[in-house]
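Text of the file coords-v1.cif, holding mmCIF, C-alpha atoms, pLDDT in the B column; chains and numbers go by the auth columns:
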data_work
loop_
_atom_site.group_PDB
_atom_site.id
_atom_site.type_symbol
_atom_site.label_atom_id
_atom_site.label_comp_id
_atom_site.label_asym_id
_atom_site.label_seq_id
_atom_site.Cartn_x
_atom_site.Cartn_y
_atom_site.Cartn_z
_atom_site.B_iso_or_equiv
_atom_site.auth_seq_id
_atom_site.auth_asym_id
ATOM 1 C CA MET A 1 4.983 10.419 -17.931 59.00 1 A
ATOM 2 C CA ASN A 2 3.102 13.478 -16.664 67.00 2 A
ATOM 3 C CA ALA A 3 1.643 14.061 -13.201 69.00 3 A
ATOM 4 C CA ALA A 4 -1.834 12.870 -14.188 69.00 4 A
ATOM 5 C CA GLN A 5 -0.501 9.552 -15.462 74.00 5 A
ATOM 6 C CA ARG A 6 1.541 9.046 -12.293 78.00 6 A
ATOM 7 C CA LEU A 7 -1.531 9.627 -10.146 78.00 7 A
ATOM 8 C CA ILE A 8 -3.685 7.269 -12.198 81.00 8 A
ATOM 9 C CA ARG A 9 -1.026 4.568 -11.842 85.00 9 A
ATOM 10 C CA LEU A 10 -1.657 4.587 -8.087 85.00 10 A
ATOM 11 C CA TYR A 11 -5.116 3.113 -8.659 86.00 11 A
ATOM 12 C CA PRO A 12 -5.491 -0.689 -8.548 86.00 12 A
ATOM 13 C CA GLY A 13 -4.756 -2.423 -11.841 84.00 13 A
ATOM 14 C CA PRO A 14 -8.334 -3.588 -12.581 84.00 14 A
ATOM 15 C CA PHE A 15 -9.609 -0.050 -12.038 84.00 15 A
ATOM 16 C CA ARG A 16 -6.970 1.419 -14.371 84.00 16 A
ATOM 17 C CA GLU A 17 -7.773 -1.107 -17.079 85.00 17 A
ATOM 18 C CA ARG A 18 -11.462 -0.210 -17.011 84.00 18 A
ATOM 19 C CA TRP A 19 -11.493 3.532 -16.340 83.00 19 A
ATOM 20 C CA GLY A 20 -7.861 4.667 -16.514 78.00 20 A
ATOM 21 C CA PRO A 21 -7.979 6.493 -19.887 80.00 21 A
ATOM 22 C CA ALA A 22 -11.175 8.350 -18.986 80.00 22 A
ATOM 23 C CA MET A 23 -9.764 9.295 -15.574 79.00 23 A
ATOM 24 C CA GLU A 24 -6.552 10.546 -17.164 78.00 24 A
ATOM 25 C CA ILE A 25 -8.457 12.828 -19.530 79.00 25 A
ATOM 26 C CA GLU A 26 -10.535 14.186 -16.653 78.00 26 A
ATOM 27 C CA VAL A 27 -7.485 14.842 -14.462 77.00 27 A
ATOM 28 C CA GLN A 28 -5.635 16.578 -17.282 76.00 28 A
ATOM 29 C CA SER A 29 -8.622 18.816 -17.994 78.00 29 A
ATOM 30 C CA THR A 30 -9.169 19.866 -14.368 76.00 30 A
ATOM 31 C CA GLY A 31 -5.493 20.183 -13.441 73.00 31 A
ATOM 32 C CA TRP A 32 -4.029 20.141 -9.962 72.00 32 A
ATOM 33 C CA ARG A 33 -7.366 21.098 -8.360 74.00 33 A
ATOM 34 C CA SER A 34 -8.559 17.517 -8.800 74.00 34 A
ATOM 35 C CA TRP A 35 -5.534 15.968 -7.082 78.00 35 A
ATOM 36 C CA PRO A 36 -6.955 15.962 -3.501 81.00 36 A
ATOM 37 C CA ASP A 37 -10.141 14.227 -4.656 82.00 37 A
ATOM 38 C CA LEU A 38 -8.033 11.836 -6.688 82.00 38 A
ATOM 39 C CA ALA A 39 -5.933 10.937 -3.642 83.00 39 A
ATOM 40 C CA VAL A 40 -9.090 10.220 -1.647 85.00 40 A
ATOM 41 C CA GLY A 41 -10.406 8.080 -4.486 84.00 41 A
ATOM 42 C CA ILE A 42 -7.163 6.100 -4.679 85.00 42 A
ATOM 43 C CA ALA A 43 -7.239 5.356 -0.947 85.00 43 A
ATOM 44 C CA GLY A 44 -10.906 4.409 -1.167 84.00 44 A
ATOM 45 C CA MET A 45 -10.310 1.977 -4.009 85.00 45 A
ATOM 46 C CA TRP A 46 -7.520 0.167 -2.170 86.00 46 A
ATOM 47 C CA LEU A 47 -9.746 -0.131 0.903 83.00 47 A
ATOM 48 C CA HIS A 48 -12.599 -1.605 -1.171 85.00 48 A
ATOM 49 C CA PRO A 49 -11.072 -4.436 -3.247 86.00 49 A
ATOM 50 C CA VAL A 50 -14.416 -6.209 -3.483 85.00 50 A
ATOM 51 C CA ILE A 51 -15.876 -3.514 -5.761 83.00 51 A
ATOM 52 C CA TRP A 52 -13.025 -3.573 -8.288 85.00 52 A
ATOM 53 C CA PRO A 53 -14.027 -4.780 -11.764 83.00 53 A
ATOM 54 C CA ALA A 54 -13.982 -8.578 -11.662 80.00 54 A
ATOM 55 C CA ASP A 55 -14.746 -11.574 -13.849 81.00 55 A
ATOM 56 C CA SER A 56 -16.340 -13.618 -11.078 80.00 56 A
ATOM 57 C CA THR A 57 -17.539 -13.519 -7.501 81.00 57 A
ATOM 58 C CA ALA A 58 -14.652 -15.778 -6.497 82.00 58 A
ATOM 59 C CA GLN A 59 -12.186 -13.195 -7.803 84.00 59 A
ATOM 60 C CA ARG A 60 -13.776 -10.550 -5.597 85.00 60 A
ATOM 61 C CA GLN A 61 -13.519 -12.882 -2.619 86.00 61 A
ATOM 62 C CA ARG A 62 -9.832 -13.543 -3.329 87.00 62 A
ATOM 63 C CA ARG A 63 -9.156 -9.817 -3.386 88.00 63 A
ATOM 64 C CA ALA A 64 -10.947 -9.359 -0.081 88.00 64 A
ATOM 65 C CA ALA A 65 -8.889 -12.222 1.342 90.00 65 A
ATOM 66 C CA VAL A 66 -5.641 -10.595 0.194 90.00 66 A
ATOM 67 C CA MET A 67 -6.621 -7.336 1.867 90.00 67 A
ATOM 68 C CA ALA A 68 -7.511 -9.170 5.073 90.00 68 A
ATOM 69 C CA VAL A 69 -4.221 -11.097 5.038 91.00 69 A
ATOM 70 C CA THR A 70 -2.326 -7.832 4.527 91.00 70 A
ATOM 71 C CA VAL A 71 -4.032 -6.195 7.506 90.00 71 A
ATOM 72 C CA ALA A 72 -3.426 -9.337 9.576 89.00 72 A
ATOM 73 C CA ALA A 73 0.284 -9.269 8.694 91.00 73 A
ATOM 74 C CA ALA A 74 0.524 -5.597 9.641 90.00 74 A
ATOM 75 C CA CYS A 75 -1.239 -6.243 12.967 87.00 75 A
ATOM 76 C CA TRP A 76 1.063 -9.173 13.703 87.00 76 A
ATOM 77 C CA TYR A 77 4.126 -7.060 12.949 88.00 77 A
ATOM 78 C CA LEU A 78 3.011 -4.224 15.224 84.00 78 A
ATOM 79 C CA ALA A 79 2.157 -6.634 18.030 81.00 79 A
ATOM 80 C CA HIS A 80 5.546 -8.304 17.603 80.00 80 A
ATOM 81 C CA VAL A 81 7.286 -4.938 17.739 78.00 81 A
ATOM 82 C CA ALA A 82 5.455 -4.032 20.931 74.00 82 A
ATOM 83 C CA MET A 83 6.293 -7.318 22.641 73.00 83 A
ATOM 84 C CA GLU A 84 9.964 -7.413 21.659 72.00 84 A
ATOM 85 C CA MET A 85 10.923 -3.842 22.476 67.00 85 A
ATOM 86 C CA ASP A 86 13.484 -3.632 25.251 60.00 86 A
ATOM 87 C CA THR A 87 11.356 -1.610 27.662 59.00 87 A
ATOM 88 C CA PRO A 88 9.799 -2.548 31.028 57.00 88 A
ATOM 89 C CA LEU A 89 6.308 -1.907 29.690 58.00 89 A
ATOM 90 C CA SER A 90 6.759 -4.084 26.628 59.00 90 A
ATOM 91 C CA GLY A 91 8.166 -6.871 28.761 60.00 91 A
ATOM 92 C CA ARG A 92 5.174 -6.690 31.074 64.00 92 A
ATOM 93 C CA VAL A 93 2.732 -6.822 28.172 65.00 93 A
ATOM 94 C CA ALA A 94 4.570 -9.667 26.442 63.00 94 A
ATOM 95 C CA ARG A 95 4.325 -11.844 29.556 67.00 95 A
ATOM 96 C CA ALA A 96 0.627 -11.120 30.116 73.00 96 A
ATOM 97 C CA TRP A 97 -1.811 -13.849 29.137 76.00 97 A
ATOM 98 C CA PRO A 98 -4.289 -11.429 27.485 80.00 98 A
ATOM 99 C CA MET A 99 -1.664 -10.482 24.896 80.00 99 A
ATOM 100 C CA THR A 100 -0.981 -14.161 24.271 82.00 100 A
ATOM 101 C CA ALA A 101 -4.715 -14.679 23.807 88.00 101 A
ATOM 102 C CA CYS A 102 -4.845 -11.763 21.353 86.00 102 A
ATOM 103 C CA THR A 103 -1.981 -13.278 19.381 86.00 103 A
ATOM 104 C CA GLY A 104 -3.799 -16.604 19.224 89.00 104 A
ATOM 105 C CA LEU A 105 -7.005 -14.881 18.148 91.00 105 A
ATOM 106 C CA MET A 106 -5.067 -13.012 15.472 89.00 106 A
ATOM 107 C CA PHE A 107 -3.676 -16.297 14.170 91.00 107 A
ATOM 108 C CA LEU A 108 -7.179 -17.795 14.080 93.00 108 A
ATOM 109 C CA GLY A 109 -8.464 -14.838 12.077 91.00 109 A
ATOM 110 C CA PHE A 110 -5.529 -15.190 9.698 92.00 110 A
ATOM 111 C CA LEU A 111 -6.382 -18.845 9.072 92.00 111 A
ATOM 112 C CA LEU A 112 -10.020 -17.954 8.424 92.00 112 A
ATOM 113 C CA VAL A 113 -9.251 -15.346 5.749 91.00 113 A
ATOM 114 C CA LEU A 114 -6.406 -17.290 4.130 90.00 114 A
ATOM 115 C CA PRO A 115 -7.287 -18.855 0.746 89.00 115 A
ATOM 116 C CA ARG A 116 -7.159 -22.657 0.833 87.00 116 A
ATOM 117 C CA PRO A 117 -4.570 -24.182 -1.536 84.00 117 A
ATOM 118 C CA ARG A 118 -5.927 -26.812 -3.886 86.00 118 A
ATOM 119 C CA LEU A 119 -4.822 -30.355 -3.100 85.00 119 A
ATOM 120 C CA THR A 120 -2.935 -30.922 -6.335 88.00 120 A
ATOM 121 C CA LEU A 121 0.738 -31.369 -7.138 90.00 121 A
ATOM 122 C CA ASP A 122 0.723 -28.382 -9.473 87.00 122 A
ATOM 123 C CA ALA A 123 -0.781 -26.123 -6.812 86.00 123 A
ATOM 124 C CA ALA A 124 1.654 -27.331 -4.158 88.00 124 A
ATOM 125 C CA SER A 125 4.582 -26.882 -6.527 90.00 125 A
ATOM 126 C CA THR A 126 3.498 -23.340 -7.401 87.00 126 A
ATOM 127 C CA VAL A 127 3.125 -22.330 -3.756 88.00 127 A
ATOM 128 C CA LEU A 128 6.440 -23.893 -2.726 90.00 128 A
ATOM 129 C CA ARG A 129 8.352 -22.288 -5.593 89.00 129 A
ATOM 130 C CA GLY A 130 6.879 -18.891 -4.787 87.00 130 A
ATOM 131 C CA ALA A 131 7.642 -19.277 -1.088 90.00 131 A
ATOM 132 C CA ALA A 132 11.230 -20.374 -1.727 91.00 132 A
ATOM 133 C CA ARG A 133 11.843 -17.463 -4.076 90.00 133 A
ATOM 134 C CA ARG A 134 10.246 -14.730 -1.979 91.00 134 A
ATOM 135 C CA PHE A 135 11.253 -15.892 1.498 93.00 135 A
ATOM 136 C CA ALA A 136 14.907 -16.525 0.665 92.00 136 A
ATOM 137 C CA THR A 137 16.124 -13.023 1.537 92.00 137 A
ATOM 138 C CA PRO A 138 14.228 -12.545 4.836 92.00 138 A
ATOM 139 C CA VAL A 139 15.094 -16.073 5.984 93.00 139 A
ATOM 140 C CA ILE A 140 18.809 -15.609 5.283 93.00 140 A
ATOM 141 C CA LEU A 141 18.807 -12.181 6.913 92.00 141 A
ATOM 142 C CA GLY A 142 16.930 -13.384 9.985 90.00 142 A
ATOM 143 C CA ALA A 143 19.084 -16.498 10.296 92.00 143 A
ATOM 144 C CA ALA A 144 22.229 -14.371 10.227 89.00 144 A
ATOM 145 C CA VAL A 145 20.931 -12.217 13.088 87.00 145 A
ATOM 146 C CA VAL A 146 19.904 -15.278 15.108 88.00 146 A
ATOM 147 C CA ALA A 147 23.350 -16.780 14.550 87.00 147 A
ATOM 148 C CA CYS A 148 24.973 -13.586 15.843 83.00 148 A
ATOM 149 C CA VAL A 149 22.837 -13.713 18.983 80.00 149 A
ATOM 150 C CA ARG A 150 23.322 -17.439 19.599 82.00 150 A
ATOM 151 C CA THR A 151 27.083 -17.278 19.205 82.00 151 A
ATOM 152 C CA GLY A 152 27.399 -14.255 21.484 75.00 152 A
ATOM 153 C CA THR A 153 28.507 -11.943 18.693 71.00 153 A
ATOM 154 C CA TYR A 154 25.704 -9.510 19.496 65.00 154 A
ATOM 155 C CA THR A 155 26.850 -9.199 23.124 67.00 155 A
ATOM 156 C CA VAL A 156 30.468 -8.426 22.295 66.00 156 A
ATOM 157 C CA ALA A 157 29.706 -6.403 19.170 65.00 157 A
ATOM 158 C CA PRO A 158 30.597 -2.700 19.141 68.00 158 A
ATOM 159 C CA ALA A 159 27.847 -0.334 20.213 69.00 159 A
ATOM 160 C CA LEU A 160 27.391 0.924 16.662 68.00 160 A
ATOM 161 C CA LEU A 161 26.875 -2.590 15.304 75.00 161 A
ATOM 162 C CA ARG A 162 24.019 -3.546 17.623 73.00 162 A
ATOM 163 C CA PRO A 163 21.471 -1.145 16.076 79.00 163 A
ATOM 164 C CA VAL A 164 22.450 -2.528 12.675 82.00 164 A
ATOM 165 C CA LEU A 165 21.700 -6.079 13.812 81.00 165 A
ATOM 166 C CA LEU A 166 18.380 -4.980 15.303 82.00 166 A
ATOM 167 C CA GLY A 167 17.538 -3.186 12.078 86.00 167 A
ATOM 168 C CA CYS A 168 18.349 -6.327 10.104 88.00 168 A
ATOM 169 C CA TRP A 169 16.080 -8.376 12.370 88.00 169 A
ATOM 170 C CA TRP A 170 13.100 -6.062 11.988 88.00 170 A
ATOM 171 C CA THR A 171 13.765 -5.742 8.272 92.00 171 A
ATOM 172 C CA ALA A 172 13.725 -9.526 7.936 92.00 172 A
ATOM 173 C CA LEU A 173 10.374 -9.717 9.736 91.00 173 A
ATOM 174 C CA ALA A 174 8.926 -6.903 7.631 92.00 174 A
ATOM 175 C CA LEU A 175 10.131 -8.502 4.403 92.00 175 A
ATOM 176 C CA GLY A 176 8.703 -11.842 5.487 92.00 176 A
ATOM 177 C CA ALA A 177 5.289 -10.304 6.151 91.00 177 A
ATOM 178 C CA PHE A 178 5.399 -8.327 2.900 92.00 178 A
ATOM 179 C CA HIS A 179 6.375 -11.269 0.726 92.00 179 A
ATOM 180 C CA GLY A 180 3.854 -13.495 2.473 90.00 180 A
ATOM 181 C CA CYS A 181 1.131 -11.091 1.362 90.00 181 A
ATOM 182 C CA ARG A 182 2.553 -11.081 -2.168 90.00 182 A
ATOM 183 C CA ILE A 183 2.415 -14.874 -2.275 89.00 183 A
ATOM 184 C CA VAL A 184 -1.247 -14.846 -1.260 89.00 184 A
ATOM 185 C CA ALA A 185 -1.981 -12.149 -3.850 88.00 185 A
ATOM 186 C CA SER A 186 -0.355 -14.227 -6.592 87.00 186 A
ATOM 187 C CA LEU A 187 -2.479 -17.325 -5.944 84.00 187 A
ATOM 188 C CA GLY A 188 -4.863 -17.698 -8.852 82.00 188 A
ATOM 189 C CA ALA A 189 -8.060 -19.702 -9.090 80.00 189 A
ATOM 190 C CA GLY A 190 -6.132 -22.762 -10.253 83.00 190 A
ATOM 191 C CA VAL A 191 -3.915 -22.741 -7.168 86.00 191 A
ATOM 192 C CA ALA A 192 -6.153 -21.712 -4.266 87.00 192 A
ATOM 193 C CA VAL A 193 -9.832 -21.533 -3.379 87.00 193 A
ATOM 194 C CA ALA A 194 -11.079 -18.197 -2.082 85.00 194 A
ATOM 195 C CA PRO A 195 -12.798 -18.203 1.318 87.00 195 A
ATOM 196 C CA ARG A 196 -16.569 -17.977 1.305 85.00 196 A
ATOM 197 C CA PRO A 197 -18.064 -14.583 2.253 83.00 197 A
ATOM 198 C CA ALA A 198 -19.295 -15.900 5.615 86.00 198 A
ATOM 199 C CA ARG A 199 -15.845 -17.237 6.468 89.00 199 A
ATOM 200 C CA LEU A 200 -14.221 -13.995 5.347 89.00 200 A
ATOM 201 C CA ARG A 201 -16.553 -11.954 7.514 89.00 201 A
ATOM 202 C CA LEU A 202 -15.882 -14.175 10.522 92.00 202 A
ATOM 203 C CA GLY A 203 -12.135 -13.927 9.954 92.00 203 A
ATOM 204 C CA MET A 204 -12.240 -10.148 9.614 91.00 204 A
ATOM 205 C CA TRP A 205 -14.315 -9.746 12.751 93.00 205 A
ATOM 206 C CA THR A 206 -11.878 -12.030 14.580 93.00 206 A
ATOM 207 C CA LEU A 207 -8.898 -9.986 13.378 92.00 207 A
ATOM 208 C CA ALA A 208 -10.648 -6.740 14.264 91.00 208 A
ATOM 209 C CA LEU A 209 -11.369 -8.022 17.774 92.00 209 A
ATOM 210 C CA ALA A 210 -7.789 -9.209 18.259 90.00 210 A
ATOM 211 C CA GLY A 211 -6.256 -5.985 16.964 89.00 211 A
ATOM 212 C CA THR A 212 -8.569 -3.761 18.976 90.00 212 A
ATOM 213 C CA ALA A 213 -7.979 -5.720 22.177 89.00 213 A
ATOM 214 C CA ALA A 214 -4.198 -5.751 21.725 86.00 214 A
ATOM 215 C CA GLY A 215 -4.123 -2.052 20.863 86.00 215 A
ATOM 216 C CA SER A 216 -6.260 -1.148 23.864 85.00 216 A
ATOM 217 C CA MET A 217 -3.999 -3.177 26.120 82.00 217 A
ATOM 218 C CA LEU A 218 -0.870 -1.451 24.843 80.00 218 A
ATOM 219 C CA LEU A 219 -2.411 1.977 25.241 80.00 219 A
ATOM 220 C CA SER A 220 -3.580 1.183 28.763 79.00 220 A
ATOM 221 C CA VAL A 221 -0.038 0.347 29.908 75.00 221 A
ATOM 222 C CA SER A 222 1.647 3.123 27.933 75.00 222 A
ATOM 223 C CA VAL A 223 0.534 5.758 30.430 70.00 223 A
ATOM 224 C CA THR A 224 2.171 5.363 33.841 66.00 224 A
ATOM 225 C CA GLY A 225 2.615 8.049 36.442 61.00 225 A
ATOM 226 C CA GLY A 226 1.205 10.668 34.114 64.00 226 A
ATOM 227 C CA HIS A 227 3.860 9.965 31.473 72.00 227 A
ATOM 228 C CA LEU A 228 3.251 8.512 28.024 70.00 228 A
ATOM 229 C CA ASP A 229 5.547 5.776 26.734 70.00 229 A
ATOM 230 C CA LEU A 230 5.558 6.529 23.006 74.00 230 A
ATOM 231 C CA TRP A 231 7.245 3.220 22.157 69.00 231 A
ATOM 232 C CA SER A 232 4.260 1.346 23.567 70.00 232 A
ATOM 233 C CA ALA A 233 1.607 3.839 22.479 78.00 233 A
ATOM 234 C CA ALA A 234 2.585 3.928 18.788 81.00 234 A
ATOM 235 C CA PRO A 235 2.012 0.196 18.102 82.00 235 A
ATOM 236 C CA GLY A 236 -1.154 0.377 20.196 81.00 236 A
ATOM 237 C CA ILE A 237 -2.571 3.183 18.072 86.00 237 A
ATOM 238 C CA GLY A 238 -1.631 1.293 14.926 87.00 238 A
ATOM 239 C CA LEU A 239 -3.407 -1.836 16.156 86.00 239 A
ATOM 240 C CA LEU A 240 -6.524 0.208 16.852 88.00 240 A
ATOM 241 C CA VAL A 241 -6.497 1.934 13.469 88.00 241 A
ATOM 242 C CA LEU A 242 -5.706 -1.011 11.181 87.00 242 A
ATOM 243 C CA PRO A 243 -8.905 -3.027 11.824 85.00 243 A
ATOM 244 C CA SER A 244 -10.946 -0.052 10.609 85.00 244 A
ATOM 245 C CA ALA A 245 -9.827 -1.042 7.101 84.00 245 A
ATOM 246 C CA PHE A 246 -12.266 -3.960 7.350 85.00 246 A
ATOM 247 C CA ALA A 247 -15.318 -1.705 7.673 82.00 247 A
ATOM 248 C CA GLY A 248 -15.845 -1.110 3.963 81.00 248 A
ATOM 249 C CA THR A 249 -14.936 -4.655 2.940 83.00 249 A
ATOM 250 C CA LEU A 250 -17.361 -6.170 5.434 83.00 250 A
ATOM 251 C CA ARG A 251 -20.102 -3.982 4.001 82.00 251 A
ATOM 252 C CA ASP A 252 -19.117 -4.868 0.436 81.00 252 A
ATOM 253 C CA LEU A 253 -19.081 -8.594 1.192 79.00 253 A
ATOM 254 C CA ARG A 254 -22.757 -8.471 2.115 77.00 254 A
ATOM 255 C CA ARG A 255 -23.474 -7.676 -1.527 74.00 255 A
ATOM 256 C CA VAL A 256 -20.811 -9.855 -3.137 65.00 256 A
ATOM 257 C CA VAL A 257 -23.118 -12.784 -3.884 56.00 257 A
ATOM 258 C CA ALA A 258 -26.015 -10.713 -5.174 56.00 258 A
ATOM 259 C CA GLU A 259 -23.871 -8.378 -7.270 56.00 259 A
ATOM 260 C CA PRO A 260 -23.208 -9.672 -10.791 50.00 260 A
ATOM 261 C CA ALA A 261 -19.603 -10.191 -11.811 49.00 261 A
ATOM 262 C CA GLY A 262 -17.946 -8.146 -14.512 47.00 262 A
ATOM 263 C CA LEU A 263 -19.025 -4.759 -13.150 46.00 263 A
#

If you took the structure in this file and wrote it as structure tokens, what would it be?
Amino acid sequence: MNAAQRLIRLYPGPFRERWGPAMEIEVQSTGWRSWPDLAVGIAGMWLHPVIWPADSTAQRQRRAAVMAVTVAAACWYLAHVAMEMDTPLSGRVARAWPMTACTGLMFLGFLLVLPRPRLTLDAASTVLRGAARRFATPVILGAAVVACVRTGTYTVAPALLRPVLLGCWWTALALGAFHGCRIVASLGAGVAVAPRPARLRLGMWTLALAGTAAGSMLLSVSVTGGHLDLWSAAPGIGLLVLPSAFAGTLRDLRRVVAEPAGL
């Protein structure tokens, strides 16, 4: 596989199926000079799932929902990191009611963008099998860390072992968020119903508000006495940047009903 083929493979699958061969020929003819534009195009495609080639409007809505769920999971993870870090600033933020309100608002936005499973035995069986298969590793890993903490093993563990346990805990949370997004992405039309455009827009605006508010709060407390607490500032910046991914999708959703499928 040459460099052009590797770059084309970074595009979303529906895009590659429709325009992959033509793109590959173009990249091979222009050489490395086209790589920067190609990288920008790849990022743009992943940020605009609604405009990918689709067979139906519902398929476009499901893709937008998957993107929104992914951003919601990333925002939740960053907020969780900020609140659980062992620093005075993180402890102060975690106990503040505005952060609790932001977490609740984030959860509401997540529910709004989440596809609704169909009320059938086949759909329930498919979702449960997928959840059991994908969540097995993060659940076992997280349970092992919790057991170490509950039994006091973490307290008496050697200094070198404690970072390992913390790493396992954050890895378990990251894997859980990642596989949760994969489960949502795997739900087909026969298993789940995509949210309507109006509901998707409301959910995205809710998530954007929650992420922006939480990020602003973290940044506001990360500067004390003229010093910047990077451990608090980094998640805050991430929470401010992530909601910007909704900008293009919100614009695309305004046209999703009027735009014919199959383009």

- For CA of Ala39 (chain A) and CA of Gly180 (chain A), determine how far apart the two atoms are, in Å to one decimal place.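 Interatomic distance here is 27.0 Å.
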
- Expanded to explicit residues, what is the PyMOL selection byres ((chain A and resi 13) around 12) for this file, as number ranges by chain? A: 8-12, 14-20, 42, 45-46, 49, 52-54

- Find the spatial neighbours of Ile140 (chain A), counting all atoms listed in the file, within a cut-off of 12 Å - ignore same-chain residues fewer than 2 positions away - and output them as an NGL selection string. :A and (132-138 or 142-147 or 168-169 or 171-173 or 175-176)

Go ahead and dump the residues you just picked, C-alpha atoms, as a PDB file, in the frame of the given file.
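The resulting file, again_15.pdb, is reproduced below:
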ATOM      1  CA  ALA A 132      11.230 -20.374  -1.727  1.00 91.00           C
ATOM      2  CA  ARG A 133      11.843 -17.463  -4.076  1.00 90.00           C
ATOM      3  CA  ARG A 134      10.246 -14.730  -1.979  1.00 91.00           C
ATOM      4  CA  PHE A 135      11.253 -15.892   1.498  1.00 93.00           C
ATOM      5  CA  ALA A 136      14.907 -16.525   0.665  1.00 92.00           C
ATOM      6  CA  THR A 137      16.124 -13.023   1.537  1.00 92.00           C
ATOM      7  CA  PRO A 138      14.228 -12.545   4.836  1.00 92.00           C
ATOM      8  CA  GLY A 142      16.930 -13.384   9.985  1.00 90.00           C
ATOM      9  CA  ALA A 143      19.084 -16.498  10.296  1.00 92.00           C
ATOM     10  CA  ALA A 144      22.229 -14.371  10.227  1.00 89.00           C
ATOM     11  CA  VAL A 145      20.931 -12.217  13.088  1.00 87.00           C
ATOM     12  CA  VAL A 146      19.904 -15.278  15.108  1.00 88.00           C
ATOM     13  CA  ALA A 147      23.350 -16.780  14.550  1.00 87.00           C
ATOM     14  CA  CYS A 168      18.349  -6.327  10.104  1.00 88.00           C
ATOM     15  CA  TRP A 169      16.080  -8.376  12.370  1.00 88.00           C
ATOM     16  CA  THR A 171      13.765  -5.742   8.272  1.00 92.00           C
ATOM     17  CA  ALA A 172      13.725  -9.526   7.936  1.00 92.00           C
ATOM     18  CA  LEU A 173      10.374  -9.717   9.736  1.00 91.00           C
ATOM     19  CA  LEU A 175      10.131  -8.502   4.403  1.00 92.00           C
ATOM     20  CA  GLY A 176       8.703 -11.842   5.487  1.00 92.00           C
TER      21      GLY A 176
END

- Query: Using all atoms listed in the file, which of A:Ala58, A:Leu239, A:Leu111, A:Val139 sits nearest Ala194 (chain A)?
  - Reply: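 Distance minimum relative to Ala194 (chain A) lands on A:Ala58.
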
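Interatomic distance, CA of Thr206 (chain A) to CA of Ser220 (chain A): 21.1 Å.
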
- Item | Leu202 (chain A) surroundings by all atoms listed in the file, 12 Å radius, close-in-sequence under 6 positions cut, as an MDAnalysis selection string | chainID A and resid 65 68 105:106 108:114 195:196 208:209 246 250 253
